[in-house]
Every structure is written in structure tokens, then in C-alpha cells.
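*Asks:* Quick one, run.txt (compact mmCIF, C-alpha atoms):
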```txt
# COMPACT_ATOMS: atom_id res chain seq x y z
CA MET A 1 0.00 0.00 0.00
CA ARG A 2 1.23 3.46 -0.74
CA ILE A 3 0.39 5.51 2.34
CA PRO A 4 1.86 9.00 2.09
CA GLY A 5 4.77 9.91 4.28
CA ALA A 6 3.04 13.24 4.78
CA LEU A 7 1.28 11.75 7.80
CA GLY A 8 4.46 10.18 9.12
CA GLY A 9 3.20 6.67 8.48
CA VAL A 10 5.18 3.55 7.74
CA GLY A 11 5.05 1.74 4.44
CA ALA A 12 6.18 2.71 0.96
CA SER A 13 6.00 6.45 0.72
CA GLU A 14 5.48 8.50 -2.40
CA VAL A 15 5.71 11.81 -0.61
CA PRO A 16 8.88 13.51 0.64
CA ARG A 17 8.92 13.40 4.44
CA SER A 18 9.87 17.07 4.57
CA ARG A 19 6.33 18.01 3.54
CA PRO A 20 4.34 19.15 6.59
CA PRO A 21 1.01 17.45 7.29
CA PRO A 22 -2.23 19.23 6.42
CA ARG A 23 -3.34 21.67 9.13
CA SER A 24 -5.72 19.85 11.46
CA PRO A 25 -8.43 22.54 11.62
CA THR A 26 -9.07 22.05 7.93
CA TRP A 27 -10.46 18.60 8.73
CA SER A 28 -13.33 19.32 11.04
CA CYS A 29 -14.09 22.66 9.47
CA ARG A 30 -14.26 21.10 6.03
CA LEU A 31 -16.45 18.26 7.31
CA PHE A 32 -18.89 20.72 8.91
CA THR A 33 -18.94 23.01 5.88
CA VAL A 34 -19.40 20.28 3.29
CA TYR A 35 -21.64 17.98 5.33
CA PRO A 36 -23.45 20.19 7.85
CA SER A 37 -25.42 17.28 9.33
CA THR A 38 -22.20 15.98 10.87
CA LYS A 39 -22.24 18.93 13.25
CA VAL A 40 -24.91 17.17 15.32
CA TYR A 41 -22.16 15.04 16.82
CA PHE A 42 -20.31 18.11 18.04
CA PRO A 43 -22.76 20.38 19.86
CA HIS A 44 -19.90 21.73 21.99
CA LEU A 45 -18.11 23.04 18.89
CA SER A 46 -20.40 25.88 17.88
CA SER A 47 -18.70 26.86 14.64
CA CYS A 48 -15.51 26.81 12.65
CA GLN A 49 -14.51 29.94 14.59
CA ASP A 50 -13.84 27.71 17.60
CA ALA A 51 -10.29 27.26 16.40
CA THR A 52 -8.69 25.82 19.53
CA GLN A 53 -11.25 23.08 20.06
CA LEU A 54 -11.43 22.25 16.37
CA LEU A 55 -7.64 22.11 16.21
CA SER A 56 -7.41 19.69 19.11
CA HIS A 57 -10.20 17.54 17.76
CA GLY A 58 -8.67 17.51 14.29
CA GLN A 59 -5.28 16.67 15.79
CA ARG A 60 -6.78 13.80 17.77
CA MET A 61 -8.36 12.30 14.66
CA LEU A 62 -5.18 12.77 12.64
CA ALA A 63 -3.16 11.11 15.40
CA ALA A 64 -5.59 8.19 15.43
CA VAL A 65 -5.22 7.78 11.68
CA GLY A 66 -1.45 7.97 12.10
CA ALA A 67 -1.58 5.26 14.76
CA ALA A 68 -3.73 3.13 12.48
CA VAL A 69 -1.15 3.54 9.70
CA GLN A 70 1.55 2.26 12.09
CA HIS A 71 -0.56 -0.83 12.81
CA MET A 72 -1.97 -1.42 9.37
CA ASP A 73 -1.66 -5.18 9.65
CA HIS A 74 -3.51 -5.47 12.97
CA LEU A 75 -6.09 -2.71 12.86
CA ARG A 76 -8.60 -4.53 15.03
CA ALA A 77 -6.23 -4.86 17.97
CA ALA A 78 -4.78 -1.37 17.59
CA LEU A 79 -8.17 0.35 17.25
CA SER A 80 -10.03 -1.74 19.84
CA PRO A 81 -10.28 1.05 22.46
CA LEU A 82 -11.51 3.48 19.80
CA ALA A 83 -13.96 0.88 18.53
CA ASP A 84 -15.34 0.56 22.08
CA LEU A 85 -15.61 4.34 22.34
CA HIS A 86 -17.53 4.62 19.08
CA ALA A 87 -19.86 1.73 19.94
CA LEU A 88 -20.65 2.65 23.52
CA VAL A 89 -20.21 6.40 23.78
CA LEU A 90 -19.98 8.23 20.47
CA ARG A 91 -22.35 6.04 18.45
CA VAL A 92 -21.67 7.90 15.22
CA ASP A 93 -23.96 6.52 12.55
CA PRO A 94 -21.85 4.40 10.18
CA ALA A 95 -23.14 6.44 7.21
CA ASN A 96 -20.95 9.32 8.35
CA PHE A 97 -17.63 7.59 7.89
CA PRO A 98 -17.70 7.80 4.06
CA LEU A 99 -18.34 11.55 4.45
CA LEU A 100 -15.24 11.98 6.58
CA ILE A 101 -13.27 9.76 4.20
CA GLN A 102 -14.30 11.97 1.26
CA CYS A 103 -13.10 15.06 3.14
CA PHE A 104 -9.85 13.28 3.90
CA HIS A 105 -9.36 12.52 0.20
CA VAL A 106 -10.07 16.12 -0.74
CA VAL A 107 -7.65 17.49 1.85
CA LEU A 108 -4.93 15.11 0.63
CA ALA A 109 -5.75 15.88 -3.01
CA SER A 110 -5.74 19.65 -2.61
CA HIS A 111 -2.59 19.54 -0.49
CA LEU A 112 -0.58 17.05 -2.56
CA GLN A 113 -2.14 17.78 -5.99
CA ASP A 114 -0.23 15.84 -8.67
CA GLU A 115 1.48 13.77 -5.99
CA PHE A 116 -1.93 12.37 -5.03
CA THR A 117 -1.68 9.65 -7.64
CA VAL A 118 -4.43 7.20 -8.49
CA GLU A 119 -2.49 4.49 -6.65
CA MET A 120 -2.33 6.67 -3.55
CA GLN A 121 -6.04 7.42 -3.72
CA ALA A 122 -6.85 3.72 -4.08
CA ALA A 123 -4.60 2.79 -1.14
CA TRP A 124 -5.99 5.50 1.14
CA ASP A 125 -9.59 4.70 0.29
CA LYS A 126 -9.03 0.99 0.97
CA PHE A 127 -7.21 1.77 4.23
CA LEU A 128 -9.67 4.34 5.59
CA THR A 129 -12.63 2.16 4.67
CA GLY A 130 -10.94 -0.63 6.64
CA VAL A 131 -10.53 1.71 9.61
CA ALA A 132 -14.21 2.66 9.42
CA VAL A 133 -15.23 -1.01 9.36
CA VAL A 134 -13.18 -1.70 12.50
CA LEU A 135 -14.50 1.39 14.28
CA THR A 136 -18.12 0.36 13.71
CA GLU A 137 -17.72 -3.42 14.10
CA LYS A 138 -18.77 -3.51 17.76
CA TYR A 139 -21.93 -1.46 17.23
CA ARG A 140 -24.06 -4.61 17.47
CA MET B 141 -32.93 17.64 -4.55
CA GLY B 142 -30.68 20.34 -3.13
CA HIS B 143 -31.25 23.98 -3.91
CA PHE B 144 -28.34 25.89 -5.43
CA THR B 145 -27.74 29.39 -4.11
CA GLU B 146 -26.45 32.11 -6.42
CA GLU B 147 -23.10 31.62 -4.72
CA ASP B 148 -23.13 27.88 -5.44
CA LYS B 149 -23.90 28.56 -9.09
CA ALA B 150 -21.15 31.16 -9.40
CA THR B 151 -18.62 28.86 -7.70
CA ILE B 152 -19.52 25.86 -9.83
CA THR B 153 -19.63 27.78 -13.11
CA SER B 154 -16.40 29.70 -12.61
CA LEU B 155 -14.43 26.62 -11.59
CA TRP B 156 -15.83 24.56 -14.45
CA GLY B 157 -14.74 27.24 -16.88
CA LYS B 158 -11.14 26.48 -15.99
CA VAL B 159 -11.41 22.71 -16.38
CA ASN B 160 -10.11 20.83 -19.41
CA VAL B 161 -13.02 18.43 -19.86
CA GLU B 162 -11.00 15.95 -21.88
CA ASP B 163 -8.23 15.63 -19.26
CA ALA B 164 -10.60 15.71 -16.31
CA GLY B 165 -12.90 13.14 -17.92
CA GLY B 166 -10.18 10.58 -18.43
CA GLU B 167 -8.75 11.23 -14.98
CA THR B 168 -12.12 10.94 -13.26
CA LEU B 169 -13.37 7.80 -14.98
CA GLY B 170 -9.92 6.22 -14.76
CA ARG B 171 -9.70 6.85 -11.04
CA LEU B 172 -13.20 5.45 -10.53
CA LEU B 173 -12.20 2.22 -12.25
CA VAL B 174 -8.96 1.92 -10.24
CA VAL B 175 -10.16 2.99 -6.80
CA TYR B 176 -13.45 1.06 -7.06
CA PRO B 177 -12.54 -1.85 -9.31
CA TRP B 178 -16.01 -3.39 -9.25
CA THR B 179 -17.16 -0.47 -11.41
CA GLN B 180 -15.22 -2.10 -14.24
CA ARG B 181 -18.19 -4.43 -14.62
CA PHE B 182 -19.78 -1.96 -17.01
CA PHE B 183 -16.79 -1.69 -19.29
CA ASP B 184 -15.98 -5.19 -20.54
CA SER B 185 -15.68 -3.85 -24.06
CA PHE B 186 -13.04 -1.29 -23.13
CA GLY B 187 -10.06 -3.59 -23.61
CA ASN B 188 -7.09 -3.53 -21.26
CA LEU B 189 -8.10 -2.64 -17.70
CA SER B 190 -5.58 -4.94 -16.08
CA SER B 191 -3.60 -2.36 -14.12
CA ALA B 192 -3.82 1.22 -12.91
CA SER B 193 -1.54 2.43 -15.69
CA ALA B 194 -3.45 0.43 -18.31
CA ILE B 195 -6.70 1.99 -17.12
CA MET B 196 -5.38 5.54 -16.93
CA GLY B 197 -3.86 5.23 -20.41
CA ASN B 198 -6.80 3.42 -22.01
CA PRO B 199 -8.14 5.53 -24.91
CA LYS B 200 -11.70 4.22 -24.49
CA VAL B 201 -11.65 5.23 -20.83
CA LYS B 202 -10.48 8.72 -21.79
CA ALA B 203 -13.09 9.06 -24.53
CA HIS B 204 -15.92 7.88 -22.33
CA GLY B 205 -14.76 10.03 -19.44
CA LYS B 206 -14.85 13.05 -21.74
CA LYS B 207 -18.39 12.12 -22.83
CA VAL B 208 -19.57 11.86 -19.22
CA LEU B 209 -18.08 15.19 -18.17
CA THR B 210 -19.34 16.94 -21.29
CA SER B 211 -22.82 15.89 -20.23
CA LEU B 212 -22.08 17.21 -16.75
CA GLY B 213 -21.01 20.50 -18.29
CA ASP B 214 -24.40 20.75 -19.97
CA ALA B 215 -26.05 20.18 -16.61
CA ILE B 216 -24.07 23.05 -15.09
CA LYS B 217 -25.90 25.38 -17.46
CA ASN B 218 -29.21 24.07 -16.06
CA LEU B 219 -28.62 23.74 -12.34
CA ASP B 220 -32.22 24.63 -11.55
CA ASP B 221 -33.56 21.72 -13.55
CA LEU B 222 -31.17 18.81 -13.20
CA LYS B 223 -34.07 16.34 -13.20
CA GLY B 224 -35.28 17.58 -16.56
CA THR B 225 -31.79 17.74 -17.99
CA PHE B 226 -31.03 14.14 -17.04
CA ALA B 227 -34.47 12.57 -17.59
CA GLN B 228 -33.52 10.72 -20.75
CA LEU B 229 -30.10 9.74 -19.48
CA SER B 230 -31.73 8.43 -16.32
CA GLU B 231 -33.99 6.15 -18.32
CA LEU B 232 -31.02 5.01 -20.38
CA HIS B 233 -28.92 4.18 -17.30
CA CYS B 234 -31.81 2.20 -15.81
CA ASP B 235 -33.36 0.44 -18.78
CA LYS B 236 -30.41 -0.13 -21.10
CA LEU B 237 -27.20 0.23 -19.11
CA HIS B 238 -28.45 -1.26 -15.79
CA VAL B 239 -26.13 0.91 -13.73
CA ASP B 240 -26.54 0.85 -9.94
CA PRO B 241 -27.17 4.50 -8.94
CA GLU B 242 -24.53 4.09 -6.24
CA ASN B 243 -22.03 4.43 -9.09
CA PHE B 244 -23.21 8.00 -9.74
CA ARG B 245 -22.34 8.89 -6.15
CA LEU B 246 -18.91 7.26 -6.46
CA LEU B 247 -18.13 9.02 -9.74
CA GLY B 248 -19.23 12.35 -8.30
CA ASN B 249 -16.94 11.96 -5.31
CA VAL B 250 -14.02 11.01 -7.55
CA LEU B 251 -14.68 14.09 -9.70
CA VAL B 252 -14.51 16.24 -6.57
CA THR B 253 -11.12 14.78 -5.63
CA VAL B 254 -9.85 15.39 -9.19
CA LEU B 255 -10.97 19.01 -8.95
CA ALA B 256 -9.17 19.24 -5.60
CA ILE B 257 -5.99 18.01 -7.30
CA TYR B 258 -6.35 20.55 -10.09
CA PHE B 259 -7.20 23.53 -7.91
CA GLY B 260 -5.24 22.85 -4.72
CA LYS B 261 -5.70 25.53 -2.08
CA GLU B 262 -8.37 27.21 -4.21
CA PHE B 263 -10.57 24.18 -3.50
CA THR B 264 -11.67 25.52 -0.13
CA PRO B 265 -14.31 23.87 2.07
CA GLU B 266 -16.89 26.27 0.64
CA VAL B 267 -15.98 25.38 -2.94
CA GLN B 268 -16.06 21.69 -2.08
CA ALA B 269 -19.47 22.15 -0.46
CA SER B 270 -20.92 23.65 -3.66
CA TRP B 271 -19.44 20.88 -5.74
CA GLN B 272 -20.60 18.08 -3.46
CA LYS B 273 -24.08 19.62 -3.77
CA MET B 274 -23.64 19.60 -7.54
CA VAL B 275 -22.59 15.96 -7.83
CA ALA B 276 -25.27 14.89 -5.35
CA GLY B 277 -27.84 16.72 -7.47
CA VAL B 278 -26.62 15.01 -10.63
CA ALA B 279 -26.64 11.59 -8.95
CA SER B 280 -30.16 12.18 -7.72
CA ALA B 281 -31.35 13.36 -11.14
CA LEU B 282 -29.76 10.39 -12.88
CA SER B 283 -31.55 7.97 -10.59
CA SER B 284 -34.90 9.78 -10.66
CA ARG B 285 -36.36 7.75 -13.55
CA TYR B 286 -35.35 4.36 -12.16
CA HIS B 287 -38.19 1.94 -11.77
```
Could you take the file, read its structure, and then write that structure out as C-alpha cells?

*Replies:*
Amino acid sequence: MRIPGALGGVGASEVPRSRPPPRSPTWSCRLFTVYPSTKVYFPHLSSCQDATQLLSHGQRMLAAVGAAVQHMDHLRAALSPLADLHALVLRVDPANFPLLIQCFHVVLASHLQDEFTVEMQAAWDKFLTGVAVVLTEKYR
Amino acid sequence: MGHFTEEDKATITSLWGKVNVEDAGGETLGRLLVVYPWTQRFFDSFGNLSSASAIMGNPKVKAHGKKVLTSLGDAIKNLDDLKGTFAQLSELHCDKLHVDPENFRLLGNVLVTVLAIYFGKEFTPEVQASWQKMVAGVASALSSRYH
């Protein structure tokens, strides 16, 4: 799989490691702007103006993705605590994960542009979809 | 179906004006076939689809991609009546082509990522929002005549 080095992950990299990762606030803000219904899960984050909270939330999600990249071959074990959290506490409807994945693709694409090759897009989509499956597996 | 504000229309139209439909078409359809390989089921007659590079370089993929995006370009001129614009194509996709409407959603999302590649930082959350509305509207219109 070709997971970009931009997120500091292991595996074959097609991106120079000197490139900084996308700014975390762009995540949540983009998700809320593009898919406003996702805001219902974040009543404490009133708007994209709430930079500090958005930043920390975005960073947390990015870190989780980074951790998942490090444990690509045993996602279930590595993500088990997060899977519990999503099943018991967060209970984010599984339909939302493709929305977040689309925003992830767009952030990568707009940041990396030509370096976001078709192979990279395929690898990331496969990987993130796998993460979403694991995170929602314990729902019932 | 979603309602397009004047801002949405301006965003969509101005960005589309800068897109090379031929390049974008091939890129979009090619990426669909690579990232979601099961979509290849509709293109048995297209020849070599055996690898990512084969797909991206396949002339039939490029030609068909251009055809699809040209049709999308026509829709952009009629954002207030996507259902009407795509009525015939909807019937075609249902009755003759037997395409699962889920594929329209996938293609739309791939198009958005291709636009993000082309436009980089210019593809802000607000621009993406207008475009996701656009592709969702097209997908909905294309599936409206399914029965």
C-alpha cells in the first residue's frame, strides 16, 4: 500500500517526508462546511470559529489515523479502544464515515495535488474504509 | 434535490470554466475504475483494464470520461432543472445500461477529488461544499427515472 509519508506513516512512501502534514483545523471545518449534518455530533463546537477546540479535535483524529497507519496489519487490535468508544459512547452513525473519508481525500488531493496519484487514492480509500469497518464493528 | 444558491452557481460555473473536460474526464473515470474496481463491470468492451496504468492510459476510458463530463457540463448550465436535464439519461442508465445508482455517487466523489488536485488551495471547504451539492444533485437526477 502506498500511504503517504506526509502523515508520518510507515510503508512505501510516495511523498517527501519534509512536507508538513495538512493543518488539522481544515479537517473538522471542512467536514462541517461540506456535510453540515455531521455537526450534530459536536454540539460543543459551535462553529468553525472555535479554532482551539477544532484544532485539538482535528489533531486527535489525525493522530488516530497515524496510529492506524503504524498498525496497518492489525487494525482490530490497535483500534479496539476506539472501537469501544464509538460503539458505547460516540455512536456515530456508520453512514458518516464515508463523508469523513471523502473530506480526507479532498484534503490530501488539494494539499498534494499531482502527488496524489491514483495508486495513492486507491490505497488510502481501501485503508480508511478498513478503519471505518473496524471502528463500527462492535456497534451490534 | 438540493437547492443551489447564487453563490453555489457562481462557484460551480467559474471553476468549471477552468477545467479541461478531456483531461478531467479521463482522470475521473480512470480513477473510478482503479479505486473502485467493481465499477469495471460496465466496461468489458473497453479492452485492457488490467492495471492502474493500463486503465489511466486506455483511450476508451479517456473518450468515455470526456463524454460523461461533457454531459455534466451541460447540466451546469441548467442547475435549476437537473431532473429535466437528465431525464432521458436516467432512463437510459436504468433500462439499457443497468447501472446501480450508487455508481453516480462514487463518480461524483471522484470528480470532486480530481478538482481538488487541479485547484489545490483554491478548492476551499466552501468550494467543495458547492461541488458536493452539484454531484449529489446530478446523482439524484440520474436515478430519478429508475423503476

*Asks:* At a cut-off of 9 Å, list the chain A residues touching chain B, using only C-alpha atoms, as a CSV table (one decimal) with C-alpha atoms, in the frame of the given file.

*Replies:*
```csv
chain,number,residue,atom,x,y,z
A,26,THR,CA,-9.1,22.0,7.9
A,29,CYS,CA,-14.1,22.7,9.5
A,30,ARG,CA,-14.3,21.1,6.0
A,31,LEU,CA,-16.4,18.3,7.3
A,32,PHE,CA,-18.9,20.7,8.9
A,33,THR,CA,-18.9,23.0,5.9
A,34,VAL,CA,-19.4,20.3,3.3
A,35,TYR,CA,-21.6,18.0,5.3
A,102,GLN,CA,-14.3,12.0,1.3
A,103,CYS,CA,-13.1,15.1,3.1
A,105,HIS,CA,-9.4,12.5,0.2
A,106,VAL,CA,-10.1,16.1,-0.7
A,107,VAL,CA,-7.6,17.5,1.8
A,108,LEU,CA,-4.9,15.1,0.6
A,109,ALA,CA,-5.8,15.9,-3.0
A,110,SER,CA,-5.7,19.6,-2.6
A,111,HIS,CA,-2.6,19.5,-0.5
A,112,LEU,CA,-0.6,17.0,-2.6
A,113,GLN,CA,-2.1,17.8,-6.0
A,114,ASP,CA,-0.2,15.8,-8.7
A,115,GLU,CA,1.5,13.8,-6.0
A,116,PHE,CA,-1.9,12.4,-5.0
A,118,VAL,CA,-4.4,7.2,-8.5
A,119,GLU,CA,-2.5,4.5,-6.6
A,121,GLN,CA,-6.0,7.4,-3.7
A,122,ALA,CA,-6.8,3.7,-4.1
A,123,ALA,CA,-4.6,2.8,-1.1
A,125,ASP,CA,-9.6,4.7,0.3
A,126,LYS,CA,-9.0,1.0,1.0
```

*Asks:* Using all atoms listed in the file, can you tell me which of A:Leu90, A:Leu100, A:Tyr139, A:Ala77 comes closest to Phe42 in chain A?

*Replies:* A:Leu90

*Asks:* Of the residues B:Cys234, B:Val161, B:Met274, B:Ala150, which is the one nearest to Lys207 in chain B, using all atoms listed in the file?

*Replies:* B:Val161

*Asks:* Quick one: pull the distance between CA of Thr136 in chain A and CA of Ala67 in chain A, Å, one decimal.

*Replies:*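 If I compute the distance from CA of Thr136 in chain A to CA of Ala67 in chain A, I get 17.3 Å.
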
*Asks:* For the atom pair CA of Leu246 in chain B and CA of Glu146 in chain B, what is the interatomic distance in Å to one decimal place?

*Replies:* 26.0 Å

*Asks:* Is it possible to add N, CA, C and O atoms to range 70-81 of chain A and hand it back as a PDB file, in the frame of the given file?

*Replies:*
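Written out: part.pdb:
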```pdb
ATOM      1  N   GLN A  70       0.448   3.002  11.486  1.00  0.00           N
ATOM      2  CA  GLN A  70       1.550   2.260  12.090  1.00  0.00           C
ATOM      3  C   GLN A  70       1.181   0.804  12.335  1.00  0.00           C
ATOM      4  O   GLN A  70       2.046  -0.056  12.445  1.00  0.00           O
ATOM      5  N   HIS A  71      -0.117   0.528  12.479  1.00  0.00           N
ATOM      6  CA  HIS A  71      -0.560  -0.830  12.810  1.00  0.00           C
ATOM      7  C   HIS A  71      -1.482  -1.389  11.753  1.00  0.00           C
ATOM      8  O   HIS A  71      -2.426  -2.107  12.050  1.00  0.00           O
ATOM      9  N   MET A  72      -1.145  -1.069  10.518  1.00  0.00           N
ATOM     10  CA  MET A  72      -1.970  -1.420   9.370  1.00  0.00           C
ATOM     11  C   MET A  72      -2.335  -2.900   9.320  1.00  0.00           C
ATOM     12  O   MET A  72      -3.402  -3.266   8.854  1.00  0.00           O
ATOM     13  N   ASP A  73      -1.411  -3.745   9.777  1.00  0.00           N
ATOM     14  CA  ASP A  73      -1.660  -5.180   9.650  1.00  0.00           C
ATOM     15  C   ASP A  73      -2.425  -5.771  10.826  1.00  0.00           C
ATOM     16  O   ASP A  73      -2.776  -6.940  10.813  1.00  0.00           O
ATOM     17  N   HIS A  74      -2.631  -4.987  11.874  1.00  0.00           N
ATOM     18  CA  HIS A  74      -3.510  -5.470  12.970  1.00  0.00           C
ATOM     19  C   HIS A  74      -4.366  -4.318  13.463  1.00  0.00           C
ATOM     20  O   HIS A  74      -4.244  -3.860  14.592  1.00  0.00           O
ATOM     21  N   LEU A  75      -5.234  -3.860  12.556  1.00  0.00           N
ATOM     22  CA  LEU A  75      -6.090  -2.710  12.860  1.00  0.00           C
ATOM     23  C   LEU A  75      -7.045  -2.992  14.003  1.00  0.00           C
ATOM     24  O   LEU A  75      -7.280  -2.138  14.857  1.00  0.00           O
ATOM     25  N   ARG A  76      -7.600  -4.213  14.017  1.00  0.00           N
ATOM     26  CA  ARG A  76      -8.600  -4.530  15.030  1.00  0.00           C
ATOM     27  C   ARG A  76      -8.055  -4.383  16.429  1.00  0.00           C
ATOM     28  O   ARG A  76      -8.676  -3.793  17.300  1.00  0.00           O
ATOM     29  N   ALA A  77      -6.857  -4.931  16.648  1.00  0.00           N
ATOM     30  CA  ALA A  77      -6.230  -4.860  17.970  1.00  0.00           C
ATOM     31  C   ALA A  77      -5.871  -3.410  18.296  1.00  0.00           C
ATOM     32  O   ALA A  77      -6.161  -2.904  19.383  1.00  0.00           O
ATOM     33  N   ALA A  78      -5.263  -2.730  17.340  1.00  0.00           N
ATOM     34  CA  ALA A  78      -4.780  -1.370  17.590  1.00  0.00           C
ATOM     35  C   ALA A  78      -5.937  -0.402  17.832  1.00  0.00           C
ATOM     36  O   ALA A  78      -5.826   0.524  18.641  1.00  0.00           O
ATOM     37  N   LEU A  79      -7.058  -0.601  17.149  1.00  0.00           N
ATOM     38  CA  LEU A  79      -8.170   0.350  17.250  1.00  0.00           C
ATOM     39  C   LEU A  79      -9.238  -0.101  18.236  1.00  0.00           C
ATOM     40  O   LEU A  79     -10.276   0.550  18.357  1.00  0.00           O
ATOM     41  N   SER A  80      -8.997  -1.201  18.941  1.00  0.00           N
ATOM     42  CA  SER A  80     -10.030  -1.740  19.840  1.00  0.00           C
ATOM     43  C   SER A  80     -10.588  -0.719  20.824  1.00  0.00           C
ATOM     44  O   SER A  80     -11.803  -0.599  20.966  1.00  0.00           O
ATOM     45  N   PRO A  81      -9.725   0.048  21.525  1.00  0.00           N
ATOM     46  CA  PRO A  81     -10.280   1.050  22.460  1.00  0.00           C
ATOM     47  C   PRO A  81     -11.156   2.083  21.742  1.00  0.00           C
ATOM     48  O   PRO A  81     -12.211   2.469  22.247  1.00  0.00           O
TER      49      PRO A  81
END
```
